[in-house]
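**Student:** File query21.csv follows (CSV, C-alpha atoms):
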chain,number,residue,atom,x,y,z
A,1,MET,CA,0.0,0.0,0.0
A,2,PRO,CA,1.3,3.5,-0.8
A,3,LEU,CA,0.5,4.9,2.6
A,4,LEU,CA,2.5,2.1,4.3
A,5,ARG,CA,5.4,2.6,2.0
A,6,ILE,CA,5.4,6.3,2.9
A,7,LEU,CA,5.3,5.3,6.6
A,8,ASP,CA,8.2,2.9,6.2
A,9,SER,CA,10.3,5.5,4.3
A,10,TYR,CA,9.5,8.1,7.0
A,11,ILE,CA,10.5,5.8,9.9
A,12,ILE,CA,13.7,4.5,8.1
A,13,ARG,CA,14.8,8.1,7.4
A,14,LYS,CA,14.1,9.1,11.1
A,15,TYR,CA,16.0,6.0,12.3
A,16,LEU,CA,19.1,6.6,10.2
A,17,ALA,CA,19.2,10.4,10.7
A,18,THR,CA,18.9,10.0,14.5
A,19,PHE,CA,21.5,7.2,14.5
A,20,GLY,CA,23.9,9.3,12.5
A,21,PHE,CA,23.4,12.2,14.9
A,22,SER,CA,23.9,10.0,18.0
A,23,LEU,CA,27.0,8.5,16.4
A,24,LEU,CA,28.5,11.9,15.7
A,25,ILE,CA,27.8,13.4,19.2
A,26,CYS,CA,29.0,10.4,21.1
A,27,SER,CA,32.1,10.1,18.9
A,28,LEU,CA,33.0,13.8,19.5
A,29,ILE,CA,32.6,13.3,23.3
A,30,SER,CA,34.8,10.2,23.2
A,31,VAL,CA,37.5,12.0,21.2
A,32,ALA,CA,37.4,14.9,23.7
A,33,ILE,CA,37.8,12.6,26.7
A,34,ASP,CA,40.6,10.5,25.1
A,35,PHE,CA,42.4,13.7,23.9
A,36,THR,CA,42.4,15.0,27.5
A,37,ASP,CA,43.7,11.7,28.8
A,38,LYS,CA,46.6,11.5,26.3
A,39,VAL,CA,47.5,15.2,25.6
A,40,LYS,CA,50.6,15.0,27.8
A,41,SER,CA,52.0,12.2,25.7
A,42,PHE,CA,51.2,14.1,22.5
A,43,ILE,CA,53.1,17.1,23.7
A,44,GLU,CA,56.1,15.3,25.2
A,45,LYS,CA,56.7,12.7,22.5
A,46,PRO,CA,58.0,13.5,18.9
A,47,CYS,CA,54.7,12.8,17.1
A,48,THR,CA,53.3,15.1,14.4
A,49,VAL,CA,49.8,16.5,14.1
A,50,GLN,CA,49.2,14.4,11.0
A,51,GLU,CA,50.1,11.2,13.0
A,52,ILE,CA,47.8,12.2,15.8
A,53,ALA,CA,44.9,13.0,13.5
A,54,PHE,CA,45.1,10.2,10.9
A,55,ASP,CA,47.2,7.4,12.5
A,56,TYR,CA,45.6,7.6,15.9
A,57,PHE,CA,42.2,9.4,16.1
A,58,LEU,CA,40.8,8.1,12.8
A,59,GLY,CA,41.4,4.6,14.1
A,60,PHE,CA,40.2,5.5,17.6
A,61,LEU,CA,36.9,6.8,16.2
A,62,LEU,CA,36.2,3.6,14.2
A,63,HIS,CA,37.4,1.5,17.2
A,64,MET,CA,34.9,3.2,19.6
A,65,ALA,CA,32.2,3.0,17.0
A,66,GLY,CA,32.8,-0.7,16.6
A,67,LEU,CA,32.6,-1.3,20.3
A,68,LEU,CA,29.6,1.0,21.1
A,69,LEU,CA,27.5,1.0,17.9
A,70,PRO,CA,24.7,-1.1,19.5
A,71,LEU,CA,24.4,1.5,22.4
A,72,TYR,CA,24.2,4.3,19.8
A,73,THR,CA,21.5,2.3,18.0
A,74,LEU,CA,19.5,1.9,21.2
A,75,ILE,CA,19.8,5.6,22.1
A,76,ALA,CA,18.8,6.7,18.6
A,77,VAL,CA,15.7,4.4,18.4
A,78,VAL,CA,14.5,5.4,21.9
A,79,PHE,CA,15.1,9.1,21.1
A,80,PHE,CA,13.1,9.4,17.9
A,81,THR,CA,10.5,6.8,18.8
A,82,SER,CA,9.8,8.7,22.0
A,83,ARG,CA,9.2,11.9,20.1
A,84,LEU,CA,6.8,10.0,17.8
A,85,ALA,CA,4.9,8.7,20.8
A,86,PHE,CA,4.9,12.1,22.5
A,87,ASN,CA,3.5,13.7,19.4
A,88,SER,CA,0.8,10.9,19.2
A,89,GLU,CA,2.1,9.8,15.8
A,90,ILE,CA,2.4,6.2,16.9
A,91,LEU,CA,-1.0,6.2,18.4
A,92,SER,CA,-2.4,7.6,15.1
A,93,VAL,CA,-0.6,4.8,13.2
A,94,PHE,CA,-2.3,2.2,15.5
A,95,SER,CA,-5.7,3.9,15.1
A,96,ALA,CA,-5.3,3.6,11.4
A,97,GLY,CA,-5.3,-0.2,11.7
A,98,VAL,CA,-1.5,-0.7,11.5
A,99,SER,CA,-0.4,-3.5,13.8
A,100,PHE,CA,2.6,-3.4,16.1
A,101,ASN,CA,4.3,-6.2,14.0
A,102,ARG,CA,3.7,-4.2,10.8
A,103,LEU,CA,5.2,-1.1,12.5
A,104,LEU,CA,8.2,-3.1,13.5
A,105,LYS,CA,9.1,-3.9,9.8
A,106,PRO,CA,10.8,-0.6,8.9
A,107,TYR,CA,12.6,-0.6,12.3
A,108,LEU,CA,14.0,-4.1,11.5
A,109,ALA,CA,14.9,-3.0,7.9
A,110,ALA,CA,16.9,0.0,9.2
A,111,GLY,CA,18.4,-2.1,12.1
A,112,THR,CA,19.5,-4.8,9.6
A,113,LEU,CA,21.2,-2.1,7.5
A,114,VAL,CA,23.1,-0.8,10.6
A,115,ALA,CA,23.9,-4.4,11.6
A,116,ALA,CA,25.4,-5.1,8.1
A,117,LEU,CA,27.5,-2.0,8.3
A,118,HIS,CA,28.6,-3.0,11.8
A,119,LEU,CA,29.5,-6.5,10.6
A,120,LEU,CA,31.7,-5.0,7.8
A,121,MET,CA,33.4,-2.6,10.2
A,122,ASN,CA,34.1,-5.3,12.8
A,123,HIS,CA,35.5,-7.9,10.5
A,124,VAL,CA,37.5,-5.8,8.0
A,125,ILE,CA,37.6,-2.0,8.4
A,126,VAL,CA,38.2,-1.5,12.2
A,127,PRO,CA,41.0,-4.1,12.4
A,128,GLN,CA,42.8,-2.4,9.5
A,129,THR,CA,42.7,1.0,11.1
A,130,ASN,CA,43.6,-0.5,14.5
A,131,LYS,CA,47.0,-1.5,13.1
A,132,THR,CA,48.1,2.2,12.8
A,133,ARG,CA,46.2,3.2,16.0
A,134,LEU,CA,47.9,0.5,18.1
A,135,GLN,CA,51.3,1.1,16.5
A,136,PHE,CA,50.9,4.8,17.4
A,137,GLU,CA,50.0,3.9,21.0
A,138,ARG,CA,52.9,1.5,21.4
A,139,THR,CA,55.3,4.1,20.0
A,140,TYR,CA,54.2,7.3,21.8
A,141,VAL,CA,51.7,6.5,24.6
A,142,TYR,CA,51.9,3.0,26.1
A,143,THR,CA,55.6,2.1,25.4
A,144,ASP,CA,55.7,-0.9,27.8
A,145,GLN,CA,52.9,-2.9,26.1
A,146,GLU,CA,55.3,-5.3,24.5
A,147,LYS,CA,55.4,-8.6,26.3
A,148,SER,CA,57.7,-11.6,25.7
A,149,ARG,CA,57.7,-15.3,26.4
A,150,SER,CA,60.9,-15.3,28.4
A,151,SER,CA,61.0,-18.6,30.3
A,152,ASN,CA,60.0,-22.2,29.9
A,153,VAL,CA,58.8,-21.7,26.3
A,154,HIS,CA,57.4,-24.6,24.3
A,155,PHE,CA,56.7,-24.6,20.6
A,156,PHE,CA,55.9,-27.2,17.9
A,157,VAL,CA,58.0,-26.0,15.0
A,158,ALA,CA,56.8,-28.9,12.9
A,159,PRO,CA,54.1,-31.6,13.4
A,160,ASP,CA,56.7,-34.0,14.8
A,161,VAL,CA,59.3,-31.5,16.1
A,162,LYS,CA,59.1,-29.7,19.5
A,163,VAL,CA,61.4,-27.1,20.8
A,164,TYR,CA,61.9,-26.0,24.4
A,165,ILE,CA,63.8,-22.9,25.6
A,166,GLN,CA,64.5,-22.5,29.2
A,167,GLY,CA,65.2,-18.7,29.0
A,168,TYR,CA,64.9,-16.1,26.3
A,169,ASN,CA,66.3,-12.5,26.1
A,170,LYS,CA,64.4,-10.5,23.6
A,171,THR,CA,67.0,-7.7,23.5
A,172,ALA,CA,69.8,-10.0,22.6
A,173,LYS,CA,67.6,-12.3,20.5
A,174,ALA,CA,69.2,-15.2,22.3
A,175,GLY,CA,68.0,-18.2,24.4
A,176,SER,CA,69.5,-20.6,26.8
A,177,GLY,CA,68.8,-24.2,27.6
A,178,LEU,CA,67.5,-25.2,24.1
A,179,ARG,CA,66.0,-28.7,23.6
A,180,LEU,CA,64.8,-29.8,20.2
A,181,GLU,CA,62.9,-33.1,20.2
A,182,LYS,CA,62.1,-35.1,17.0
A,183,LEU,CA,59.1,-37.4,17.7
A,184,LYS,CA,57.8,-40.5,16.0
A,185,GLY,CA,54.4,-41.3,17.5
A,186,ASN,CA,54.8,-40.8,21.2
A,187,LYS,CA,58.5,-41.6,21.2
A,188,ILE,CA,61.6,-39.4,20.9
A,189,VAL,CA,63.9,-40.5,18.1
A,190,SER,CA,66.4,-37.7,18.3
A,191,LEU,CA,67.2,-35.0,20.8
A,192,LEU,CA,69.3,-31.9,20.1
A,193,THR,CA,70.3,-29.9,23.2
A,194,ALA,CA,72.4,-26.6,23.4
A,195,ASP,CA,73.5,-24.4,26.1
A,196,ASN,CA,72.8,-21.2,24.1
A,197,ALA,CA,71.0,-20.3,20.9
A,198,ARG,CA,71.4,-17.0,19.1
A,199,TRP,CA,69.4,-15.6,16.2
A,200,LYS,CA,71.5,-15.0,13.1
A,201,GLY,CA,68.8,-13.8,10.7
A,202,PRO,CA,66.4,-15.0,8.1
A,203,PRO,CA,65.5,-17.5,7.0
A,204,ASN,CA,65.2,-19.0,10.5
A,205,ARG,CA,69.0,-19.2,11.1
A,206,TRP,CA,70.2,-19.9,14.6
A,207,GLU,CA,73.7,-20.5,16.0
A,208,LEU,CA,73.9,-23.1,18.7
A,209,THR,CA,76.8,-23.4,21.1
A,210,GLY,CA,77.5,-26.2,23.5
A,211,ALA,CA,75.4,-28.5,21.4
A,212,SER,CA,75.0,-32.3,21.6
A,213,ILE,CA,72.8,-34.7,19.6
A,214,ARG,CA,71.3,-37.9,20.9
A,215,THR,CA,69.7,-40.4,18.6
A,216,PHE,CA,67.6,-43.4,19.8
A,217,ASN,CA,66.9,-46.6,18.0
A,218,GLY,CA,65.0,-48.9,20.3
A,219,LEU,CA,67.4,-49.6,23.2
A,220,GLU,CA,70.4,-48.2,21.3
A,221,GLU,CA,71.5,-44.7,22.0
A,222,ARG,CA,74.1,-42.6,20.3
A,223,LEU,CA,75.6,-39.3,21.6
A,224,VAL,CA,77.6,-36.8,19.6
A,225,ARG,CA,79.0,-33.7,21.3
A,226,LEU,CA,79.8,-30.8,19.0
A,227,GLN,CA,82.8,-28.7,19.8
A,228,ALA,CA,82.2,-25.9,17.2
A,229,PRO,CA,79.1,-23.8,17.1
A,230,LEU,CA,76.3,-25.3,15.0
A,231,ASP,CA,74.6,-23.1,12.4
A,232,THR,CA,71.2,-24.6,11.8
A,233,ALA,CA,67.7,-23.7,10.7
A,234,ILE,CA,64.8,-23.9,13.2
A,235,ASN,CA,61.2,-22.8,12.2
A,236,LEU,CA,61.3,-20.1,14.9
A,237,THR,CA,61.9,-16.3,14.8
A,238,PRO,CA,62.3,-13.7,17.5
A,239,GLN,CA,58.8,-12.4,16.7
A,240,ASP,CA,57.4,-15.7,17.9
A,241,PHE,CA,58.5,-14.7,21.5
A,242,ILE,CA,56.8,-11.3,21.4
A,243,TYR,CA,53.1,-10.6,21.8
A,244,TYR,CA,50.7,-7.8,22.9
A,245,HIS,CA,47.6,-8.3,25.0
A,246,ASN,CA,45.4,-6.5,22.4
A,247,GLN,CA,47.0,-7.8,19.3
A,248,ASN,CA,43.7,-9.6,18.4
A,249,GLU,CA,42.2,-6.1,17.8
A,250,GLU,CA,44.5,-5.4,14.8
A,251,MET,CA,43.7,-8.7,13.0
A,252,THR,CA,41.0,-9.1,10.4
A,253,THR,CA,38.8,-12.1,10.8
A,254,SER,CA,40.8,-14.1,8.2
A,255,GLU,CA,44.0,-13.2,10.0
A,256,LEU,CA,42.5,-14.3,13.3
A,257,GLN,CA,41.6,-17.7,11.8
A,258,ALA,CA,45.1,-18.0,10.4
A,259,ALA,CA,46.6,-17.1,13.8
A,260,MET,CA,44.4,-19.7,15.5
A,261,ALA,CA,45.5,-22.4,13.1
A,262,ARG,CA,49.2,-21.5,13.5
A,263,ASP,CA,49.0,-21.4,17.3
A,264,ARG,CA,47.2,-24.8,17.4
A,265,GLU,CA,49.9,-26.3,15.2
A,266,ARG,CA,52.5,-24.9,17.6
A,267,GLY,CA,50.8,-26.2,20.7
A,268,LEU,CA,50.1,-22.7,22.2
A,269,SER,CA,47.1,-22.2,24.5
A,270,ASN,CA,46.2,-18.6,23.6
A,271,THR,CA,43.9,-19.4,20.7
A,272,LYS,CA,40.9,-18.7,23.0
A,273,GLN,CA,41.3,-15.0,22.9
A,274,PHE,CA,41.3,-15.1,19.0
A,275,ALA,CA,38.1,-17.2,19.0
A,276,ILE,CA,36.4,-14.8,21.5
A,277,GLU,CA,37.3,-11.8,19.3
A,278,ALA,CA,36.0,-13.5,16.1
A,279,HIS,CA,32.6,-14.4,17.8
A,280,ARG,CA,32.3,-11.0,19.4
A,281,ARG,CA,32.5,-9.2,16.1
A,282,THR,CA,29.5,-11.1,14.7
A,283,ALA,CA,27.5,-11.1,18.0
A,284,ASP,CA,27.9,-7.3,18.4
A,285,ALA,CA,26.5,-6.7,14.9
A,286,ALA,CA,23.4,-8.9,15.7
A,287,THR,CA,22.9,-6.8,18.9
A,288,ASN,CA,21.8,-3.9,16.8
A,289,ILE,CA,18.7,-5.7,15.7
A,290,VAL,CA,17.8,-7.0,19.2
A,291,LEU,CA,18.2,-3.5,20.8
A,292,THR,CA,16.2,-1.9,17.9
A,293,ILE,CA,13.2,-4.1,18.9
A,294,ILE,CA,13.7,-3.3,22.6
A,295,GLY,CA,14.0,0.5,21.8
A,296,LEU,CA,10.6,0.4,19.9
A,297,ALA,CA,8.9,-1.6,22.6
A,298,VAL,CA,10.2,0.7,25.4
A,299,ALA,CA,9.6,4.1,23.7
A,300,GLY,CA,6.5,3.3,21.6
A,301,ARG,CA,4.1,4.1,24.5
A,302,LYS,CA,3.3,7.6,25.5
A,303,VAL,CA,3.9,8.0,29.2
A,304,ARG,CA,3.8,10.8,31.8
A,305,GLY,CA,7.6,10.9,32.1
A,306,GLY,CA,7.9,11.5,28.4
A,307,MET,CA,11.2,11.3,26.5
A,308,GLY,CA,13.3,11.6,29.7
A,309,LEU,CA,11.9,8.4,31.2
A,310,HIS,CA,12.3,6.6,27.9
A,311,LEU,CA,15.9,7.7,27.6
A,312,ALA,CA,16.6,6.7,31.2
A,313,VAL,CA,15.2,3.2,30.6
A,314,GLY,CA,17.0,2.9,27.3
A,315,ILE,CA,20.4,4.0,28.7
A,316,GLY,CA,19.9,1.7,31.7
A,317,LEU,CA,19.2,-1.2,29.4
A,318,GLY,CA,22.3,-0.3,27.4
A,319,ALA,CA,24.5,-0.2,30.5
A,320,LEU,CA,23.1,-3.5,31.6
A,321,PHE,CA,23.9,-5.0,28.3
A,322,ILE,CA,27.5,-3.7,28.4
A,323,ILE,CA,28.0,-5.1,32.0
A,324,LEU,CA,26.6,-8.5,30.9
A,325,SER,CA,28.8,-8.5,27.9
A,326,LYS,CA,31.9,-8.0,30.0
A,327,PHE,CA,30.9,-10.8,32.3
A,328,ALA,CA,30.3,-13.0,29.3
A,329,ILE,CA,33.7,-12.3,27.9
A,330,SER,CA,35.3,-13.1,31.3
A,331,PHE,CA,33.4,-16.4,31.6
A,332,ALA,CA,34.5,-17.3,28.0
A,333,ALA,CA,38.1,-16.4,28.6
A,334,SER,CA,38.3,-18.3,31.9
A,335,GLY,CA,36.9,-21.4,30.3
A,336,VAL,CA,33.7,-21.4,32.4
A,337,LEU,CA,31.7,-21.2,29.2
A,338,PRO,CA,32.6,-22.1,25.6
A,339,PRO,CA,33.6,-19.0,23.6
A,340,VAL,CA,30.5,-19.2,21.3
A,341,LEU,CA,28.0,-19.5,24.2
A,342,GLY,CA,29.8,-17.0,26.4
A,343,ILE,CA,29.8,-14.3,23.7
A,344,TRP,CA,26.3,-14.9,22.5
A,345,MET,CA,24.8,-15.1,26.0
A,346,PRO,CA,23.9,-11.4,26.3
A,347,ASN,CA,22.1,-11.5,22.9
A,348,ILE,CA,20.2,-14.6,23.9
A,349,PHE,CA,19.2,-12.9,27.2
A,350,PHE,CA,18.2,-9.6,25.6
A,351,ALA,CA,16.3,-11.5,22.9
A,352,GLY,CA,14.2,-12.9,25.7
A,353,VAL,CA,13.8,-9.4,27.1
A,354,ALA,CA,12.7,-8.1,23.7
A,355,LEU,CA,10.0,-10.8,23.4
A,356,TRP,CA,8.7,-10.0,26.8
A,357,LEU,CA,8.6,-6.3,26.0
A,358,ILE,CA,6.8,-6.9,22.7
A,359,ARG,CA,4.0,-8.8,24.5
A,360,ARG,CA,3.6,-5.8,26.9
A,361,ALA,CA,4.0,-3.1,24.3
A,362,GLN,CA,1.2,-0.8,23.2
A,363,LYS,CA,-0.7,-2.5,20.4
Rewrite the structure of this file - the entire thing - as structure tokens.
**Tutor:**
Amino acid sequence: MPLLRILDSYIIRKYLATFGFSLLICSLISVAIDFTDKVKSFIEKPCTVQEIAFDYFLGFLLHMAGLLLPLYTLIAVVFFTSRLAFNSEILSVFSAGVSFNRLLKPYLAAGTLVAALHLLMNHVIVPQTNKTRLQFERTYVYTDQEKSRSSNVHFFVAPDVKVYIQGYNKTAKAGSGLRLEKLKGNKIVSLLTADNARWKGPPNRWELTGASIRTFNGLEERLVRLQAPLDTAINLTPQDFIYYHNQNEEMTTSELQAAMARDRERGLSNTKQFAIEAHRRTADAATNIVLTIIGLAVAGRKVRGGMGLHLAVGIGLGALFIILSKFAISFAASGVLPPVLGIWMPNIFFAGVALWLIRRAQK
């Protein structure tokens, strides 16, 4: 029907315009707060205005949008829907015979559009801009973020080859107490040990001193002690010993999957943070649709408190969602819940809240 198409177009325009305004205002506030927090580093460190504006704040804006877009969506829906209800426009729509479910369609259409944009941002755009943002932070702001695996390091450098390093010095790019085990099934067939190992350069060249090689053939054992340094290739680089606690933020989803596969091959246990990040990116995009439904159900009724009450309820629900999301990530990271269930738990809970609110919404 032409009238319903006009109504759909009107609501979608209102939705997107208010969402854009909410995104702009909240982004400006977040930039102002972050600039105040980091202005001392900007002044004291040798960074240029161009680096601050484009390398850091462009990435920061997209990073914050990726994290808080569902909250901006909820605020936008509550704000413009509350105005429609206050002006009796929604009541007029219901009086014209339009059902609540029919009124929900343009909201879902606009919410799906925002969710698709959020999905693209989370999986591709934001990780790309985070590379320069995090590099800027590590260079000029948080210069001590680099962490290293410095003791009792275990790696699988091949499916049947395991390396152990007792201690590693990232500055000297050298390790001590190296042990290289070649396996056949669950048995060790050869064992290379060295007092010290020093990185010589690509491709994967290491110099071993104080080395000895043991080979095993059933009950027979052969030991060879090497007097001269041994120049050998090990599928290991100094970069494998270095990591950052937020390095998952600068990886696209395809890079996250590659990192998980690589770490599983090497026997590392930090693949969980990559899996959590990958699921979070999709779950956050779906949250826009859930909070769109909640926003309409909350703000679609004309009440005595007006827009203020609607905004208070909406912001309260948004804060509750953020708190629940943080708990869910903690549960998933600690192993209490599987990553998929832990990350999707807030959406499942709020989908139930949305259904309950729809039943109680003004029809």
**Student:** Any idea what the distance is between CA of Arg360 in chain A and CA of Ile323 in chain A?
**Tutor:**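 Interatomic distance here is 24.9 Å.
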**Student:** Taking into account only C-alpha atoms, which residue in the set A:Leu16, A:Leu7, A:Leu357, A:Ala275 is nearest to Ala96 in chain A?
**Tutor:**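 Of A:Leu16, A:Leu7, A:Leu357, A:Ala275, the one nearest Ala96 in chain A is A:Leu7, counting only C-alpha atoms.
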**Student:** Between A:Arg5, A:Lys170, A:Lys14, A:Lys162, which has the minimum distance to Lys105 in chain A (counting all atoms listed in the file)?
**Tutor:** A:Arg5
**Student:** Could you check which of A:Val124, A:Val161, A:Leu4, A:Leu191 is closest to Val93 in chain A, using only C-alpha atoms?
**Tutor:**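 Between A:Val124, A:Val161, A:Leu4, A:Leu191, the residue approaching Val93 in chain A most closely is A:Leu4.
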**Student:** For a test of reading the model, state the distance in Å between CA of Arg138 in chain A and CA of Tyr243 in chain A, rounded to one decimal.
**Tutor:**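 Separation of CA of Arg138 in chain A and CA of Tyr243 in chain A: 12.1 Å.
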**Student:** Could you work out how far CA of Glu250 in chain A lies from CA of Lys131 in chain A, giving the answer in Å with one decimal?
**Tutor:**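 It comes out at 4.9 Å.
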**Student:** Quick one: everything within 7 Å of Glu277 in chain A, counting all atoms listed in the file, minus sequence neighbours fewer than 4 positions away in the same chain. Send it as an mmCIF file with C-alpha atoms, in the coordinates of the input.
**Tutor:**
data_model
loop_
_atom_site.group_PDB
_atom_site.id
_atom_site.type_symbol
_atom_site.label_atom_id
_atom_site.label_comp_id
_atom_site.auth_asym_id
_atom_site.auth_seq_id
_atom_site.Cartn_x
_atom_site.Cartn_y
_atom_site.Cartn_z
ATOM 1 C CA ASN A 248 43.700 -9.600 18.400
ATOM 2 C CA GLN A 273 41.300 -15.000 22.900
ATOM 3 C CA ARG A 281 32.500 -9.200 16.100
#
**Student:** Identify which of the residues A:Lys40, A:Arg266, A:Arg222, A:Arg149 lies closest to Ser190 in chain A, counting all atoms listed in the file when measuring atom-to-atom distances.
**Tutor:**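 Between A:Lys40, A:Arg266, A:Arg222, A:Arg149, the residue approaching Ser190 in chain A most closely is A:Arg222.
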**Student:** Mind checking which residues fall within 8 Å of Val157 in chain A, counting only C-alpha atoms, ignoring those fewer than 6 positions away in the same chain, and posting them as a PyMOL selection string?
**Tutor:** chain A and resi 163+234-236+266
**Student:** Taking (44.9, -20.6, 13.1) in the file's coordinates as the center, which residues reach within 12 Å of it, counting only C-alpha atoms, put as an mmCIF file with C-alpha atoms, in the coordinates of the input?
**Tutor:**
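Writing the result to result.cif gives the following:
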data_model
loop_
_atom_site.group_PDB
_atom_site.id
_atom_site.type_symbol
_atom_site.label_atom_id
_atom_site.label_comp_id
_atom_site.auth_asym_id
_atom_site.auth_seq_id
_atom_site.Cartn_x
_atom_site.Cartn_y
_atom_site.Cartn_z
ATOM 1 C CA MET A 251 43.700 -8.700 13.000
ATOM 2 C CA THR A 253 38.800 -12.100 10.800
ATOM 3 C CA SER A 254 40.800 -14.100 8.200
ATOM 4 C CA GLU A 255 44.000 -13.200 10.000
ATOM 5 C CA LEU A 256 42.500 -14.300 13.300
ATOM 6 C CA GLN A 257 41.600 -17.700 11.800
ATOM 7 C CA ALA A 258 45.100 -18.000 10.400
ATOM 8 C CA ALA A 259 46.600 -17.100 13.800
ATOM 9 C CA MET A 260 44.400 -19.700 15.500
ATOM 10 C CA ALA A 261 45.500 -22.400 13.100
ATOM 11 C CA ARG A 262 49.200 -21.500 13.500
ATOM 12 C CA ASP A 263 49.000 -21.400 17.300
ATOM 13 C CA ARG A 264 47.200 -24.800 17.400
ATOM 14 C CA GLU A 265 49.900 -26.300 15.200
ATOM 15 C CA ARG A 266 52.500 -24.900 17.600
ATOM 16 C CA GLY A 267 50.800 -26.200 20.700
ATOM 17 C CA LEU A 268 50.100 -22.700 22.200
ATOM 18 C CA SER A 269 47.100 -22.200 24.500
ATOM 19 C CA ASN A 270 46.200 -18.600 23.600
ATOM 20 C CA THR A 271 43.900 -19.400 20.700
ATOM 21 C CA LYS A 272 40.900 -18.700 23.000
ATOM 22 C CA GLN A 273 41.300 -15.000 22.900
ATOM 23 C CA PHE A 274 41.300 -15.100 19.000
ATOM 24 C CA ALA A 275 38.100 -17.200 19.000
ATOM 25 C CA ALA A 278 36.000 -13.500 16.100
#
**Student:** Step by step, gather every atom of range 122-141 of chain A that the file lists, find the box along x, y and z that holds them, add 8 Å on each side, and finally give centre and edge lengths in Å to one decimal, as lines of an AutoDock Vina configuration file.
**Tutor:**
center_x = 44.7
center_y = -0.3
center_z = 16.3
size_x = 37.2
size_y = 31.2
size_z = 32.6
**Student:** For range 60-71 of chain A, list every protein, DNA or RNA residue within 7 Å, evaluated using all atoms listed in the file, and leave out those in the same chain fewer than 4 positions away; present the list as JSON, numbers by chain.
**Tutor:** {"A": [27, 56, 75, 118, 121, 122, 126, 133, 287, 288, 318]}
**Student:** Return the single residue from A:Gly314, A:Pro106, A:Pro339, A:Pro346 that is closest to Asp284 in chain A, with distances computed using only C-alpha atoms.
**Tutor:**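 Ranking A:Gly314, A:Pro106, A:Pro339, A:Pro346 by distance to Asp284 in chain A, first place goes to A:Pro346.
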**Student:** Which residue is closest to Asp240 in chain A? Choose from A:Val153, A:Leu309, A:Ile322, A:Ile289 and count all atoms listed in the file.
**Tutor:**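 Selected residue with least distance to Asp240 in chain A: A:Val153.
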**Student:** Using all atoms listed in the file, which residues sit within 12 Å of Asp195 in chain A once same-chain residues fewer than 4 positions away are excluded, as a short mmCIF file (atom, residue, chain, number, x, y, z; two decimals) with C-alpha atoms, in the frame of the given file?
**Tutor:**
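To be explicit, this is the file written out as around-v9.cif:
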data_model
loop_
_atom_site.label_atom_id
_atom_site.label_comp_id
_atom_site.auth_asym_id
_atom_site.auth_seq_id
_atom_site.Cartn_x
_atom_site.Cartn_y
_atom_site.Cartn_z
CA TYR A 164 61.90 -26.00 24.40
CA ILE A 165 63.80 -22.90 25.60
CA GLN A 166 64.50 -22.50 29.20
CA GLY A 167 65.20 -18.70 29.00
CA TYR A 168 64.90 -16.10 26.30
CA ALA A 174 69.20 -15.20 22.30
CA GLY A 175 68.00 -18.20 24.40
CA SER A 176 69.50 -20.60 26.80
CA GLY A 177 68.80 -24.20 27.60
CA LEU A 178 67.50 -25.20 24.10
CA ARG A 179 66.00 -28.70 23.60
CA LEU A 180 64.80 -29.80 20.20
CA GLU A 207 73.70 -20.50 16.00
CA LEU A 208 73.90 -23.10 18.70
CA THR A 209 76.80 -23.40 21.10
CA GLY A 210 77.50 -26.20 23.50
CA ALA A 211 75.40 -28.50 21.40
CA SER A 212 75.00 -32.30 21.60
CA ARG A 225 79.00 -33.70 21.30
CA LEU A 226 79.80 -30.80 19.00
CA PRO A 229 79.10 -23.80 17.10
CA LEU A 230 76.30 -25.30 15.00
#
**Student:** Residues at most 10 Å from Thr292 in chain A, counting all atoms listed in the file, excluding those fewer than 2 positions away in the same chain, as an mmCIF file with C-alpha atoms, in the frame of the given file?
**Tutor:**
data_model
loop_
_atom_site.group_PDB
_atom_site.id
_atom_site.type_symbol
_atom_site.label_atom_id
_atom_site.label_comp_id
_atom_site.auth_asym_id
_atom_site.auth_seq_id
_atom_site.Cartn_x
_atom_site.Cartn_y
_atom_site.Cartn_z
ATOM 1 C CA TYR A 15 16.000 6.000 12.300
ATOM 2 C CA PRO A 70 24.700 -1.100 19.500
ATOM 3 C CA LEU A 71 24.400 1.500 22.400
ATOM 4 C CA THR A 73 21.500 2.300 18.000
ATOM 5 C CA LEU A 74 19.500 1.900 21.200
ATOM 6 C CA ILE A 75 19.800 5.600 22.100
ATOM 7 C CA ALA A 76 18.800 6.700 18.600
ATOM 8 C CA VAL A 77 15.700 4.400 18.400
ATOM 9 C CA VAL A 78 14.500 5.400 21.900
ATOM 10 C CA LEU A 104 8.200 -3.100 13.500
ATOM 11 C CA TYR A 107 12.600 -0.600 12.300
ATOM 12 C CA LEU A 108 14.000 -4.100 11.500
ATOM 13 C CA ALA A 110 16.900 0.000 9.200
ATOM 14 C CA GLY A 111 18.400 -2.100 12.100
ATOM 15 C CA THR A 112 19.500 -4.800 9.600
ATOM 16 C CA THR A 287 22.900 -6.800 18.900
ATOM 17 C CA ASN A 288 21.800 -3.900 16.800
ATOM 18 C CA ILE A 289 18.700 -5.700 15.700
ATOM 19 C CA VAL A 290 17.800 -7.000 19.200
ATOM 20 C CA ILE A 294 13.700 -3.300 22.600
ATOM 21 C CA GLY A 295 14.000 0.500 21.800
ATOM 22 C CA LEU A 296 10.600 0.400 19.900
ATOM 23 C CA ALA A 297 8.900 -1.600 22.600
ATOM 24 C CA VAL A 298 10.200 0.700 25.400
ATOM 25 C CA ALA A 354 12.700 -8.100 23.700
#
**Student:** Taking (48.0, 2.9, 15.8) in the coordinates of the supplied file, I want to know which residues reach to within 12 Å of it, counting all atoms listed in the file; could you give the answer as a VMD selection string?
**Tutor:** chain A and resid 51 to 63 126 to 142 246 to 247 249 to 250
